[in-house]
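So the structure is just underneath, and the comments pick up after that.
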Amino acid sequence: MLSLLLIVIYLSFISLGLPDSLLGAAWPTMQPLLGVPLSYAGCLSMIVSCGTVISSLLADRLLRRFGTGLVVSCSVLMTAIALFGYSVSGSFGMLCLFAVPYGLGAGAVDAALNHYVALHYASRHMSWLHCFWGVGCAVSPYIMSFYLRRGADWQGGYRAISLLQIILTVILFCSLPLWKRSTADAENKDAQRFPMKQLLRERGVMQALVIFFCYCALESTTGLWASSFLVQQRGVDAKTAAKFASLFYIGITLGRLLSGFVADRFGDHKMTRFGLCGILGGVMLLLLPLPDVFALSGLILIGFGCAPIYPCQIHATPVLFGKSRAQAMIGMQMACAYVGTTLMPPLFGVIADHAGLRMFPLFLAFFLVLMALLTERARQRAESAGAAE
């Protein structure tokens, strides 16, 4: 039963990744057809991000009341409806309207499944879970490009993804008996509630939240600005730069696949250290005046370095803060992660306008150093707590 449930969980994370890269692939075609400025894609992303932050913060209450299975099933249904709404939208206003349920559904799925796997499965499954998110992100642009080649049919691309989400919704509702038989889902409903104000006063909580903020700030800023840095600062050909920028995400996906095979052996803290060292190596290759091949390689190395950090930090949450607090903590961590993803890439854009794209490696280095300091503090706190016991 647990193996079958794990397959359902993996499929759910593929569905979480499927829509995430759709807008970027479709927007160059959508924008002139909708007759709106190029920057309006940011408005849609902001609406989705606000929804994910809200639903992440509400995840603790929803999971205690309804359980993981029903929350995930209803949330995926919301994203399916939202994506179908995108596929029939003829105006930007309608897209903004359907972005609300999409954001709310995506945030709830993310928080619910991360908590469930962190609490009840080994570290390798958390790495593979996020690897499957990368699979979804990688597949959907190819689906969208297939429809765009058939006559700029971006609605058809969204319709195809919504159909996949509907199929998954049916699978999830059919799998509800598996969740109900699981004692873990019963534990969700019986979990003690920890108000946000109470958690924020506890030792180490703010550090953990800032770690997630920093990680997602680094990852999202790299994904958005790496290609521009390579072209404008290193003189790399635009097509080559775009190719290696995409390899950054492939590096994350493959890195998480490989991390799953060794995560249980080394543990969450060592895996996080390995990841931070990988990012450091990649940032140095971007920063130093070396031939272009080193800068391109540095981008891939940053991707591999990013791979274990997010899943291992989530998996360590029940150990660091206790199983009873993990549900509420992971919801707050997801919210901080989305805030970092939403705010930091635009902030770097403002910095680049005034100081130039040469600041890109230094911007990444700032978040890297902050993450390293905070994760080491968390490790020391965990070790001291273990010694006290």
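Residues in the structure tokens are numbered from 1 in each chain, the chains being A, B, ... in the order shown, and ligands are numbered from 1 in the order shown.
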
Could I get the residues of range 232-338 of chain A with an atom no further than 9 Å from an atom of range 360-369 of chain A, each paired with its nearest atom pair and that distance in Å to one decimal, using only C-alpha atoms, sorted by chain and residue number, as a Markdown table?
```
| residue | atom | partner | partner_atom | distance |
| --- | --- | --- | --- | --- |
| A:Leu276 | CA | A:Leu368 | CA | 7.1 |
| A:Ile279 | CA | A:Leu368 | CA | 7.5 |
| A:Leu280 | CA | A:Leu368 | CA | 7.4 |
| A:Val283 | CA | A:Pro361 | CA | 5.8 |
| A:Met284 | CA | A:Pro361 | CA | 7.8 |
| A:Leu286 | CA | A:Pro361 | CA | 6.3 |
| A:Leu287 | CA | A:Pro361 | CA | 5.8 |
```

- Surrounding residues of Trp133 in chain A excluding itself and chain neighbours under 3 positions, 7 Å, only C-alpha atoms, as a ChimeraX atom specification: /A:13-14,16-17,129-130,136-137

- Would you kindly return, as a list in words, each protein, DNA or RNA residue with an atom no farther than 9 Å from any atom of Gly204 in chain A, considering only C-alpha atoms and excluding same-chain residues fewer than 2 positions away? Leu200, Arg201, Glu202, Met206, Gln207, Ala208, Leu209, Leu320, Phe321, Arg377, Ala378 and Arg381 of chain A

- Excluding Ile166 in chain A and residues on its chain fewer than 5 positions from it, collect all residues at most 9 Å away from it, counting only C-alpha atoms, and give them as a ChimeraX atom specification. /A:76-77,79-81,161,171

Keeping only N, CA and C atoms, write the selected residues as a short mmCIF file (atom, residue, chain, number, x, y, z; two decimals), in the first residue's frame.
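Now in selection_38.cif:
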```
data_model
loop_
_atom_site.label_atom_id
_atom_site.label_comp_id
_atom_site.auth_asym_id
_atom_site.auth_seq_id
_atom_site.Cartn_x
_atom_site.Cartn_y
_atom_site.Cartn_z
N VAL A 76 -5.19 19.85 -6.45
CA VAL A 76 -4.88 19.54 -7.85
C VAL A 76 -6.09 19.81 -8.73
N LEU A 77 -7.29 19.53 -8.21
CA LEU A 77 -8.51 19.86 -8.95
C LEU A 77 -8.59 21.36 -9.21
N THR A 79 -6.06 23.46 -9.51
CA THR A 79 -5.10 23.82 -10.56
C THR A 79 -5.57 23.37 -11.93
N ALA A 80 -6.25 22.21 -11.99
CA ALA A 80 -6.78 21.74 -13.27
C ALA A 80 -7.84 22.70 -13.80
N ILE A 81 -8.73 23.15 -12.92
CA ILE A 81 -9.76 24.10 -13.32
C ILE A 81 -9.12 25.42 -13.76
N ILE A 161 -2.21 20.47 -20.79
CA ILE A 161 -1.73 20.34 -19.41
C ILE A 161 -2.90 20.21 -18.44
N ILE A 171 -7.15 10.14 -10.46
CA ILE A 171 -6.29 9.16 -9.78
C ILE A 171 -6.22 9.48 -8.29
#
```

- Message: Quick one: residues within 7 Å of Gly156 in chain A, only C-alpha atoms, excluding same-chain residues fewer than 4 positions away - as number ranges by chain?
- Response: A: 87, 147, 160

- Message: I need the residue nearest Val139 in chain A from this list: A:Leu288, A:Val350, A:Ala25, A:Leu357. Use only C-alpha atoms for the distance.
- Response: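 Under the stated criterion, the closest residue is A:Ala25.
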
- Task: Would you mind listing what lies within 9 Å of Leu38 in chain A as a ChimeraX atom specification, with only C-alpha atoms counted and same-chain residues fewer than 6 positions away left out?
- Result: /A:27-28,31-32

Which residues of range 199-318 of chain A sit at most 12 Å from range 119-126 of chain A, using only C-alpha atoms? Give each one's shortest atom pair and distance in Å (one decimal place), in chain and ascending residue order, as a Markdown table.
```
| residue | atom | partner | partner_atom | distance |
| --- | --- | --- | --- | --- |
| A:Gly255 | CA | A:Arg124 | CA | 12.0 |
| A:Arg256 | CA | A:Arg124 | CA | 8.9 |
| A:Leu257 | CA | A:Arg124 | CA | 8.8 |
| A:Leu258 | CA | A:Arg124 | CA | 9.3 |
| A:Ser259 | CA | A:Arg124 | CA | 7.0 |
| A:Gly260 | CA | A:Arg124 | CA | 3.9 |
| A:Phe261 | CA | A:Arg124 | CA | 6.3 |
| A:Val262 | CA | A:Arg124 | CA | 7.3 |
| A:Ala263 | CA | A:Arg124 | CA | 5.3 |
| A:Asp264 | CA | A:Ser123 | CA | 5.7 |
| A:Arg265 | CA | A:Arg124 | CA | 9.3 |
| A:Phe266 | CA | A:Ser123 | CA | 9.9 |
| A:Gly267 | CA | A:Ser123 | CA | 7.6 |
| A:Asp268 | CA | A:Ser123 | CA | 7.2 |
| A:His269 | CA | A:Ser123 | CA | 11.0 |
| A:Met271 | CA | A:Ser123 | CA | 10.1 |
| A:Thr272 | CA | A:Ser123 | CA | 11.9 |
| A:Ala307 | CA | A:Met126 | CA | 11.2 |
| A:Pro308 | CA | A:Met126 | CA | 9.3 |
| A:Ile309 | CA | A:Met126 | CA | 10.8 |
| A:Tyr310 | CA | A:Met126 | CA | 9.3 |
| A:Pro311 | CA | A:Met126 | CA | 5.5 |
| A:Cys312 | CA | A:Ser123 | CA | 6.8 |
| A:Gln313 | CA | A:Met126 | CA | 9.8 |
| A:Ile314 | CA | A:Met126 | CA | 8.1 |
| A:His315 | CA | A:Ser123 | CA | 6.2 |
| A:Ala316 | CA | A:Ser123 | CA | 8.5 |
| A:Thr317 | CA | A:Leu119 | CA | 8.6 |
| A:Pro318 | CA | A:Leu119 | CA | 6.4 |
```

Keeping N, CA and C atoms for every residue in the selection just given, could you write it to a file as a CSV table (one decimal), in the first residue's frame?
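Final output, again23.csv:
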```csv
chain,number,residue,atom,x,y,z
A,255,GLY,N,20.7,16.4,-10.4
A,255,GLY,CA,21.4,16.4,-9.1
A,255,GLY,C,20.5,15.8,-8.0
A,256,ARG,N,19.2,16.1,-8.1
A,256,ARG,CA,18.3,15.5,-7.1
A,256,ARG,C,18.1,14.0,-7.3
A,257,LEU,N,18.1,13.6,-8.5
A,257,LEU,CA,18.0,12.2,-8.8
A,257,LEU,C,19.2,11.4,-8.2
A,258,LEU,N,20.4,12.0,-8.4
A,258,LEU,CA,21.6,11.4,-7.9
A,258,LEU,C,21.7,11.5,-6.4
A,259,SER,N,21.2,12.6,-5.8
A,259,SER,CA,21.2,12.8,-4.4
A,259,SER,C,20.4,11.8,-3.7
A,260,GLY,N,19.4,11.3,-4.3
A,260,GLY,CA,18.5,10.3,-3.7
A,260,GLY,C,19.2,9.0,-3.3
A,261,PHE,N,20.3,8.7,-4.1
A,261,PHE,CA,21.0,7.5,-3.9
A,261,PHE,C,22.0,7.5,-2.7
A,262,VAL,N,22.3,8.7,-2.3
A,262,VAL,CA,23.3,8.9,-1.3
A,262,VAL,C,22.8,9.6,-0.1
A,263,ALA,N,21.6,10.2,-0.2
A,263,ALA,CA,21.1,11.1,0.9
A,263,ALA,C,21.0,10.4,2.2
A,264,ASP,N,20.5,9.1,2.2
A,264,ASP,CA,20.4,8.4,3.5
A,264,ASP,C,21.7,8.0,4.1
A,265,ARG,N,22.7,7.8,3.3
A,265,ARG,CA,24.1,7.5,3.8
A,265,ARG,C,24.7,8.7,4.4
A,266,PHE,N,24.7,9.9,3.8
A,266,PHE,CA,25.4,11.0,4.4
A,266,PHE,C,24.5,11.9,5.3
A,267,GLY,N,23.2,11.8,5.2
A,267,GLY,CA,22.4,12.6,6.1
A,267,GLY,C,22.1,14.0,5.5
A,268,ASP,N,21.1,14.7,6.0
A,268,ASP,CA,20.6,16.0,5.5
A,268,ASP,C,21.7,17.1,5.6
A,269,HIS,N,22.3,17.1,6.8
A,269,HIS,CA,23.3,18.2,7.0
A,269,HIS,C,24.5,18.1,6.1
A,271,MET,N,24.6,16.6,3.2
A,271,MET,CA,24.2,16.8,1.8
A,271,MET,C,24.0,18.3,1.6
A,272,THR,N,23.5,19.0,2.6
A,272,THR,CA,23.4,20.5,2.4
A,272,THR,C,24.8,21.1,2.3
A,307,ALA,N,20.8,21.3,-6.0
A,307,ALA,CA,19.9,20.1,-6.0
A,307,ALA,C,19.6,19.6,-4.6
A,308,PRO,N,20.5,19.3,-3.7
A,308,PRO,CA,20.1,18.7,-2.4
A,308,PRO,C,19.6,19.6,-1.3
A,309,ILE,N,19.8,20.9,-1.5
A,309,ILE,CA,19.6,21.8,-0.3
A,309,ILE,C,18.1,21.9,0.0
A,310,TYR,N,17.3,22.2,-0.9
A,310,TYR,CA,15.9,22.4,-0.6
A,310,TYR,C,15.2,21.1,0.0
A,311,PRO,N,15.3,20.0,-0.7
A,311,PRO,CA,14.7,18.7,-0.1
A,311,PRO,C,15.3,18.3,1.2
A,312,CYS,N,16.6,18.5,1.4
A,312,CYS,CA,17.2,18.0,2.6
A,312,CYS,C,16.8,18.9,3.8
A,313,GLN,N,16.7,20.2,3.5
A,313,GLN,CA,16.3,21.1,4.6
A,313,GLN,C,14.8,20.9,5.0
A,314,ILE,N,14.0,20.5,4.1
A,314,ILE,CA,12.6,20.1,4.4
A,314,ILE,C,12.6,18.9,5.2
A,315,HIS,N,13.4,17.9,4.7
A,315,HIS,CA,13.4,16.6,5.4
A,315,HIS,C,13.9,16.7,6.8
A,316,ALA,N,14.8,17.7,7.1
A,316,ALA,CA,15.4,17.8,8.4
A,316,ALA,C,14.4,18.6,9.4
A,317,THR,N,13.4,19.1,8.9
A,317,THR,CA,12.5,19.9,9.7
A,317,THR,C,11.9,19.2,10.9
A,318,PRO,N,11.4,17.9,10.7
A,318,PRO,CA,10.8,17.2,11.9
A,318,PRO,C,11.9,16.9,12.9
```

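Between CA of Ala226 in chain A and CA of Asp292 in chain A there is a distance of 13.2 Å.
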
- Item | Best match for closeness to Trp179 in chain A among A:Ser73, A:Gln155, A:Ser45, A:Gln232, counting only C-alpha atoms | A:Ser73

- Task: Identify, on the basis of only C-alpha atoms, every residue whose closest approach to Ser140 in chain A does not exceed 10 Å; exclude the query and any residue fewer than 5 positions from it along the same chain; express the result as a PyMOL selection string.
- Result: chain A and resi 15+17-23+25+135+145-146+157-158+160-161

- Message: Rounded to one decimal, what separation in Å do you get between CA of Ile300 in chain A and CA of Phe248 in chain A?
- Response: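 That distance, rounded to one decimal, is 4.9 Å.
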
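Distance-wise, CA of Ala335 in chain A and CA of Phe212 in chain A end up 9.0 Å apart.
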
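For the set A:Ser127, A:Thr342, A:Thr253, A:Thr29, the residue with the smallest atom-to-atom gap to Trp154 in chain A is A:Thr29, counting only C-alpha atoms.
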
Closest pair table for range 246-330 of chain A residues within 12 Å of range 53-67 of chain A, only C-alpha atoms, as a Markdown table:
```
| residue | atom | partner | partner_atom | distance |
| --- | --- | --- | --- | --- |
| A:Ser324 | CA | A:Asp60 | CA | 11.0 |
| A:Arg325 | CA | A:Asp60 | CA | 9.6 |
| A:Ala326 | CA | A:Asp60 | CA | 9.3 |
| A:Gln327 | CA | A:Asp60 | CA | 5.7 |
| A:Ala328 | CA | A:Asp60 | CA | 5.0 |
| A:Met329 | CA | A:Asp60 | CA | 8.5 |
| A:Ile330 | CA | A:Ser56 | CA | 8.3 |
```

For the residues in that selection, give me N, CA and C atoms as an mmCIF file, in the first residue's frame.
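Result went into result-v2.cif, see below:
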```
data_model
loop_
_atom_site.group_PDB
_atom_site.id
_atom_site.type_symbol
_atom_site.label_atom_id
_atom_site.label_comp_id
_atom_site.auth_asym_id
_atom_site.auth_seq_id
_atom_site.Cartn_x
_atom_site.Cartn_y
_atom_site.Cartn_z
ATOM 1 N N SER A 324 5.612 17.245 15.980
ATOM 2 C CA SER A 324 4.365 17.963 16.255
ATOM 3 C C SER A 324 4.357 19.359 15.634
ATOM 4 N N ARG A 325 5.539 19.951 15.463
ATOM 5 C CA ARG A 325 5.631 21.291 14.882
ATOM 6 C C ARG A 325 5.898 21.264 13.381
ATOM 7 N N ALA A 326 6.262 20.108 12.851
ATOM 8 C CA ALA A 326 6.720 20.033 11.461
ATOM 9 C C ALA A 326 5.664 20.509 10.476
ATOM 10 N N GLN A 327 4.413 20.160 10.716
ATOM 11 C CA GLN A 327 3.339 20.508 9.785
ATOM 12 C C GLN A 327 3.215 22.017 9.629
ATOM 13 N N ALA A 328 3.175 22.733 10.753
ATOM 14 C CA ALA A 328 3.076 24.194 10.707
ATOM 15 C C ALA A 328 4.363 24.818 10.176
ATOM 16 N N MET A 329 5.528 24.258 10.563
ATOM 17 C CA MET A 329 6.811 24.807 10.128
ATOM 18 C C MET A 329 6.977 24.715 8.622
ATOM 19 N N ILE A 330 6.637 23.579 8.042
ATOM 20 C CA ILE A 330 6.838 23.406 6.603
ATOM 21 C C ILE A 330 5.939 24.353 5.817
#
```
